[in-house]
Amino acid sequence: MSVRVRPFRNGGMEVDIAVLLPDGTRYRERKVHKKSKSVVQRWGENRERFLLTHGRPAPKKEVSTLKEFAPRFLDGHARANRHKPSGIAAKESIMRVHLIPALGTRRLDQITTEHVQLLKQRLATLAPKTVNNTLTVLSTLLRRAVDWNVIAQMPCVIRLVKAPKPSMAFYDFETYTRIVRAAEELGAEAKLVVLLAGDAGLRCGEIIALEWQDVDLQQRQLCIQRGDWRGHVTAPKGGRLRYVPMTERLTAALLAHRHGKSQRVLCRADGSALTQDIVGEHVRRAGRKAKVPANGAHRLRHTFCSHLAMRGAAPLAIQVLAGHQDQGTTQRYLHLTPAALEGAIRLLEQGQPPHHGDSVETTSG
């Protein structure tokens with residue numbers, strides 16, 4: 001048994017420990033410390049006593065690389081927690097397109113803050129939201145690795161980039177009326193797609209998944225309780241069903257469209273479900289006919305929320321009707337509320353003296 005301490009060629013002190021273990025085997029361990037010889041000597045003697053008492057240390061478990069850990073993360077986190085199929089697909093895409101090419105060969109415990117900054121630089125040409133989505137997936141992956149004892153602690157600091165709040169593009173009242181008229185000329189199905197998005201605020205997947213059992217024509221009310229993403233039917237975004245009263249023209253369009261081909265309100269001739277592309281094409285064709293830009297149903301949903309705000313609807317009512325999970329989303333429309341703007345300006349006039357050009361009635365006493 002021996003503990004030898006000697007200068008190391010690249011600086012510091014090397015401790016060389018050789019012991020005869022209780023099981024009769026010999027074990028040798030070398031380690032370099034950037035400390036004084038006396039401190040390293042004491043460390044070596046303590047280490048020698050530990051080895052004599054506890055025996056040969058267990059071999060260190062090799063930490064997974066990001067590429068190796070990715071399938072475990074997707075199965076154990078996203079799928080096990082029943083994330084929506086669209087969310088799982090988004091995480092898979094981020095892994096395949098961004099994270100694995102940039103960091104896939106690195107061990108999880110070797111991903112440093114500098115590597116995160118280099119990743120940001122690599123993604124510099126992409127939209128801030130895309131960059132932040134990628135960083136969020138990386139952060140969540142590393143935190144799950146800590147939770148599952150794959151690594152001892154977060155190996156890096158991940159800060160999101162500043163992202164401006166997106167503007168909610170919508171159609172004014174006159175333009176929306178033109179789109180509805182254009183859709184009507186194209187056919188009953190196109191008109192119904194436009195009205196479900198613009199008069200009821202449904203998302204594209206909610207339009208596809210709407211069933212006749214969700215439609216109460218007597219009470220003029222829709223129950224939004226499912227969404228469809230590429231054939232996967234789940235709860236609506238936010239996880240809660242909601243009830244949306246129908247306008248007269250939406251009610252009339254649904255009455256005129258009644259059929260027995262499928263449980264779905266909107267379907268193809270053979271009864272099969274519509275796709276996101278078909279819904280989007282109905283909106284684009286209506287836009288072209290009305291000579292206005294129309295990319296898909298989501299701008300019509302923004303129009304629904306914006307028109308409610310412009311007509312003075314309460315923020316809570318907009319949130320409930322649109323199915324927003326948090327009020328922060330709804331607040332992006334509140335600058336359109338005329339009553340709020342008018343009330344804010346009137347606050348400036350409280351306590352102001354009358355303008356010198358105004359007539360002021362006086363009384364003599």
# chains A, B, ... in the order shown; residues from 1 in each chain; ligands from 1

$ residues_around --residues "Val292 in chain A" --least-positions-apart "4" --cutoff "12 Å" --atoms "only C-alpha atoms" --output "JSON, numbers by chain"
{"A": [170, 171, 172, 174, 175, 176, 177, 178, 179, 180, 182, 283, 284, 285, 286, 287, 288, 299]}

$ select_by_dssp --residues "range 119-335 of chain A" --states "alpha helix (DSSP H)" --output "PDB file with C-alpha atoms, in the first residue's frame"
ATOM      1  CA  LEU A 119     -27.124  27.068 -31.015  1.00  0.00           C
ATOM      2  CA  LYS A 120     -28.816  30.475 -30.912  1.00  0.00           C
ATOM      3  CA  GLN A 121     -26.299  31.754 -33.434  1.00  0.00           C
ATOM      4  CA  ARG A 122     -26.975  28.748 -35.670  1.00  0.00           C
ATOM      5  CA  PRO A 128     -37.663  34.281 -32.553  1.00  0.00           C
ATOM      6  CA  LYS A 129     -40.641  32.044 -31.742  1.00  0.00           C
ATOM      7  CA  THR A 130     -38.971  29.115 -33.541  1.00  0.00           C
ATOM      8  CA  VAL A 131     -35.715  29.737 -31.660  1.00  0.00           C
ATOM      9  CA  ASN A 132     -37.534  29.891 -28.317  1.00  0.00           C
ATOM     10  CA  ASN A 133     -39.499  26.724 -29.068  1.00  0.00           C
ATOM     11  CA  THR A 134     -36.188  24.945 -29.742  1.00  0.00           C
ATOM     12  CA  LEU A 135     -34.588  26.289 -26.557  1.00  0.00           C
ATOM     13  CA  THR A 136     -37.662  25.282 -24.530  1.00  0.00           C
ATOM     14  CA  VAL A 137     -37.470  21.693 -25.785  1.00  0.00           C
ATOM     15  CA  LEU A 138     -33.742  21.559 -24.928  1.00  0.00           C
ATOM     16  CA  SER A 139     -34.390  22.963 -21.447  1.00  0.00           C
ATOM     17  CA  THR A 140     -37.215  20.503 -20.783  1.00  0.00           C
ATOM     18  CA  LEU A 141     -35.100  17.589 -22.032  1.00  0.00           C
ATOM     19  CA  LEU A 142     -32.222  18.469 -19.696  1.00  0.00           C
ATOM     20  CA  ARG A 143     -34.553  18.951 -16.715  1.00  0.00           C
ATOM     21  CA  ARG A 144     -36.075  15.515 -17.336  1.00  0.00           C
ATOM     22  CA  ALA A 145     -32.521  14.071 -17.460  1.00  0.00           C
ATOM     23  CA  VAL A 146     -31.924  15.568 -13.996  1.00  0.00           C
ATOM     24  CA  ASP A 147     -35.272  14.249 -12.695  1.00  0.00           C
ATOM     25  CA  PHE A 173     -66.126  44.365 -41.166  1.00  0.00           C
ATOM     26  CA  GLU A 174     -66.519  45.237 -44.846  1.00  0.00           C
ATOM     27  CA  THR A 175     -63.742  42.885 -46.011  1.00  0.00           C
ATOM     28  CA  TYR A 176     -65.080  39.998 -43.931  1.00  0.00           C
ATOM     29  CA  THR A 177     -68.547  40.504 -45.438  1.00  0.00           C
ATOM     30  CA  ARG A 178     -66.995  40.279 -48.911  1.00  0.00           C
ATOM     31  CA  ILE A 179     -65.265  36.997 -47.993  1.00  0.00           C
ATOM     32  CA  VAL A 180     -68.526  35.516 -46.685  1.00  0.00           C
ATOM     33  CA  ARG A 181     -70.334  36.500 -49.901  1.00  0.00           C
ATOM     34  CA  ALA A 182     -67.519  35.050 -52.019  1.00  0.00           C
ATOM     35  CA  ALA A 183     -67.609  31.799 -50.062  1.00  0.00           C
ATOM     36  CA  GLU A 184     -71.378  31.590 -50.539  1.00  0.00           C
ATOM     37  CA  GLU A 185     -70.905  31.846 -54.295  1.00  0.00           C
ATOM     38  CA  LEU A 186     -68.371  29.010 -54.150  1.00  0.00           C
ATOM     39  CA  ALA A 188     -72.395  25.673 -49.098  1.00  0.00           C
ATOM     40  CA  GLU A 189     -69.314  23.937 -47.728  1.00  0.00           C
ATOM     41  CA  ALA A 190     -67.001  26.898 -48.332  1.00  0.00           C
ATOM     42  CA  LYS A 191     -69.508  29.263 -46.736  1.00  0.00           C
ATOM     43  CA  LEU A 192     -69.854  27.020 -43.678  1.00  0.00           C
ATOM     44  CA  VAL A 193     -66.068  26.816 -43.221  1.00  0.00           C
ATOM     45  CA  VAL A 194     -65.756  30.607 -43.352  1.00  0.00           C
ATOM     46  CA  LEU A 195     -68.654  31.154 -40.912  1.00  0.00           C
ATOM     47  CA  LEU A 196     -67.463  28.534 -38.414  1.00  0.00           C
ATOM     48  CA  ALA A 197     -64.115  30.327 -38.259  1.00  0.00           C
ATOM     49  CA  GLY A 198     -65.293  33.938 -38.581  1.00  0.00           C
ATOM     50  CA  CYS A 204     -59.152  24.588 -38.115  1.00  0.00           C
ATOM     51  CA  GLY A 205     -58.991  21.285 -36.193  1.00  0.00           C
ATOM     52  CA  GLU A 206     -62.220  22.141 -34.379  1.00  0.00           C
ATOM     53  CA  ILE A 207     -63.959  22.790 -37.702  1.00  0.00           C
ATOM     54  CA  ILE A 208     -62.814  19.406 -39.012  1.00  0.00           C
ATOM     55  CA  ALA A 209     -63.849  17.539 -35.832  1.00  0.00           C
ATOM     56  CA  GLU A 248     -78.430  33.649 -37.423  1.00  0.00           C
ATOM     57  CA  ARG A 249     -76.511  33.196 -40.668  1.00  0.00           C
ATOM     58  CA  LEU A 250     -74.367  30.384 -39.195  1.00  0.00           C
ATOM     59  CA  THR A 251     -77.512  28.650 -37.943  1.00  0.00           C
ATOM     60  CA  ALA A 252     -79.106  28.970 -41.393  1.00  0.00           C
ATOM     61  CA  ALA A 253     -75.955  27.644 -43.091  1.00  0.00           C
ATOM     62  CA  LEU A 254     -75.921  24.581 -40.817  1.00  0.00           C
ATOM     63  CA  LEU A 255     -79.619  23.922 -41.449  1.00  0.00           C
ATOM     64  CA  ALA A 256     -79.047  24.071 -45.195  1.00  0.00           C
ATOM     65  CA  HIS A 257     -76.025  21.775 -44.952  1.00  0.00           C
ATOM     66  CA  GLN A 276     -56.435  20.835 -42.961  1.00  0.00           C
ATOM     67  CA  ASP A 277     -55.470  21.440 -46.605  1.00  0.00           C
ATOM     68  CA  ILE A 278     -59.094  21.222 -47.775  1.00  0.00           C
ATOM     69  CA  VAL A 279     -60.278  23.675 -45.106  1.00  0.00           C
ATOM     70  CA  GLY A 280     -57.446  26.047 -45.969  1.00  0.00           C
ATOM     71  CA  GLU A 281     -58.214  25.824 -49.680  1.00  0.00           C
ATOM     72  CA  HIS A 282     -61.872  26.798 -49.086  1.00  0.00           C
ATOM     73  CA  VAL A 283     -60.676  29.948 -47.299  1.00  0.00           C
ATOM     74  CA  ARG A 284     -58.020  30.742 -49.914  1.00  0.00           C
ATOM     75  CA  ARG A 285     -60.502  30.376 -52.788  1.00  0.00           C
ATOM     76  CA  ALA A 286     -62.965  32.676 -51.019  1.00  0.00           C
ATOM     77  CA  GLY A 287     -60.165  35.188 -50.487  1.00  0.00           C
ATOM     78  CA  ARG A 288     -59.134  35.104 -54.131  1.00  0.00           C
ATOM     79  CA  LYS A 289     -62.736  35.581 -55.242  1.00  0.00           C
ATOM     80  CA  ALA A 290     -63.139  38.495 -52.818  1.00  0.00           C
ATOM     81  CA  ALA A 297     -58.878  29.738 -41.201  1.00  0.00           C
ATOM     82  CA  HIS A 298     -56.788  31.209 -38.397  1.00  0.00           C
ATOM     83  CA  ARG A 299     -57.026  34.796 -39.655  1.00  0.00           C
ATOM     84  CA  LEU A 300     -60.801  34.401 -39.646  1.00  0.00           C
ATOM     85  CA  ARG A 301     -60.564  33.270 -35.999  1.00  0.00           C
ATOM     86  CA  HIS A 302     -58.561  36.436 -35.246  1.00  0.00           C
ATOM     87  CA  THR A 303     -61.311  38.364 -37.047  1.00  0.00           C
ATOM     88  CA  PHE A 304     -63.926  36.794 -34.741  1.00  0.00           C
ATOM     89  CA  CYS A 305     -62.016  37.918 -31.627  1.00  0.00           C
ATOM     90  CA  SER A 306     -61.182  41.338 -33.064  1.00  0.00           C
ATOM     91  CA  HIS A 307     -64.781  42.084 -34.069  1.00  0.00           C
ATOM     92  CA  LEU A 308     -65.978  41.106 -30.593  1.00  0.00           C
ATOM     93  CA  ALA A 309     -63.489  43.549 -29.070  1.00  0.00           C
ATOM     94  CA  MET A 310     -64.419  46.293 -31.521  1.00  0.00           C
ATOM     95  CA  PRO A 315     -62.544  40.518 -22.137  1.00  0.00           C
ATOM     96  CA  LEU A 316     -63.794  37.498 -20.175  1.00  0.00           C
ATOM     97  CA  ALA A 317     -66.498  36.861 -22.786  1.00  0.00           C
ATOM     98  CA  ILE A 318     -63.912  36.918 -25.588  1.00  0.00           C
ATOM     99  CA  GLN A 319     -61.660  34.554 -23.633  1.00  0.00           C
ATOM    100  CA  VAL A 320     -64.471  32.057 -23.013  1.00  0.00           C
ATOM    101  CA  LEU A 321     -65.903  32.184 -26.552  1.00  0.00           C
ATOM    102  CA  ALA A 322     -62.488  31.800 -28.188  1.00  0.00           C
ATOM    103  CA  GLN A 327     -56.136  35.991 -20.434  1.00  0.00           C
ATOM    104  CA  GLY A 328     -52.797  37.102 -21.863  1.00  0.00           C
ATOM    105  CA  THR A 329     -53.858  35.806 -25.274  1.00  0.00           C
ATOM    106  CA  THR A 330     -57.159  37.689 -25.074  1.00  0.00           C
TER     107      THR A 330
END

$ closest_residue --among "A:Arg258, A:Lys84, A:Lys237, A:Arg242" --to "Arg203 in chain A" --atoms "only C-alpha atoms"
A:Lys237

$ residues_around --residues "Arg6 in chain A" --least-positions-apart "2" --cutoff "10 Å" --atoms "only C-alpha atoms" --output "list in words"
Arg4, Phe8, Arg9, Gly12, Met13, Glu14, Val15, Asp16, Val32, Lys37, Val40 and Gln41 of chain A

$ residues_around --residues "Glu62 in chain A" --least-positions-apart "3" --cutoff "12 Å" --atoms "only C-alpha atoms" --output "PyMOL selection string"
chain A and resi 59+65+68+107-110+150-151

$ residues_around --residues "Glu48 in chain A" --least-positions-apart "5" --cutoff "9 Å" --atoms "only C-alpha atoms" --output "PyMOL selection string"
chain A and resi 1-3+17-19+43+53

$ closest_residue --among "A:Met95, A:Ala235, A:Ala58, A:Leu52" --to "Ala70 in chain A" --atoms "only C-alpha atoms"
A:Met95

$ select_by_dssp --residues "range 213-327 of chain A" --states "strand (DSSP E)" --output "JSON, numbers by chain"
{"A": [215, 216, 221, 222, 223, 224, 227, 228, 229, 232, 233, 234, 242, 243, 244, 245]}

$ write_last_selection --atoms "C-alpha atoms" --output "short mmCIF file (atom, residue, chain, number, x, y, z; two decimals), in the first residue's frame"
data_model
loop_
_atom_site.label_atom_id
_atom_site.label_comp_id
_atom_site.auth_asym_id
_atom_site.auth_seq_id
_atom_site.Cartn_x
_atom_site.Cartn_y
_atom_site.Cartn_z
CA VAL A 215 -74.82 21.33 -32.91
CA ASP A 216 -77.97 22.48 -31.11
CA GLN A 221 -75.40 26.81 -29.83
CA LEU A 222 -72.24 24.84 -30.66
CA CYS A 223 -70.40 22.60 -28.19
CA ILE A 224 -66.69 22.57 -29.02
CA GLY A 227 -60.12 18.85 -32.35
CA ASP A 228 -58.65 16.88 -35.23
CA TRP A 229 -54.97 17.00 -36.17
CA HIS A 232 -55.80 12.29 -34.40
CA VAL A 233 -58.89 13.38 -32.44
CA THR A 234 -58.20 14.96 -29.04
CA ARG A 242 -66.70 25.40 -24.57
CA TYR A 243 -70.11 26.53 -25.76
CA VAL A 244 -70.46 29.13 -28.51
CA PRO A 245 -73.81 30.73 -29.39
#

$ atom_distance --atom1 "CA of Thr275 in chain A" --atom2 "CA of Gly231 in chain A"
8.2 Å
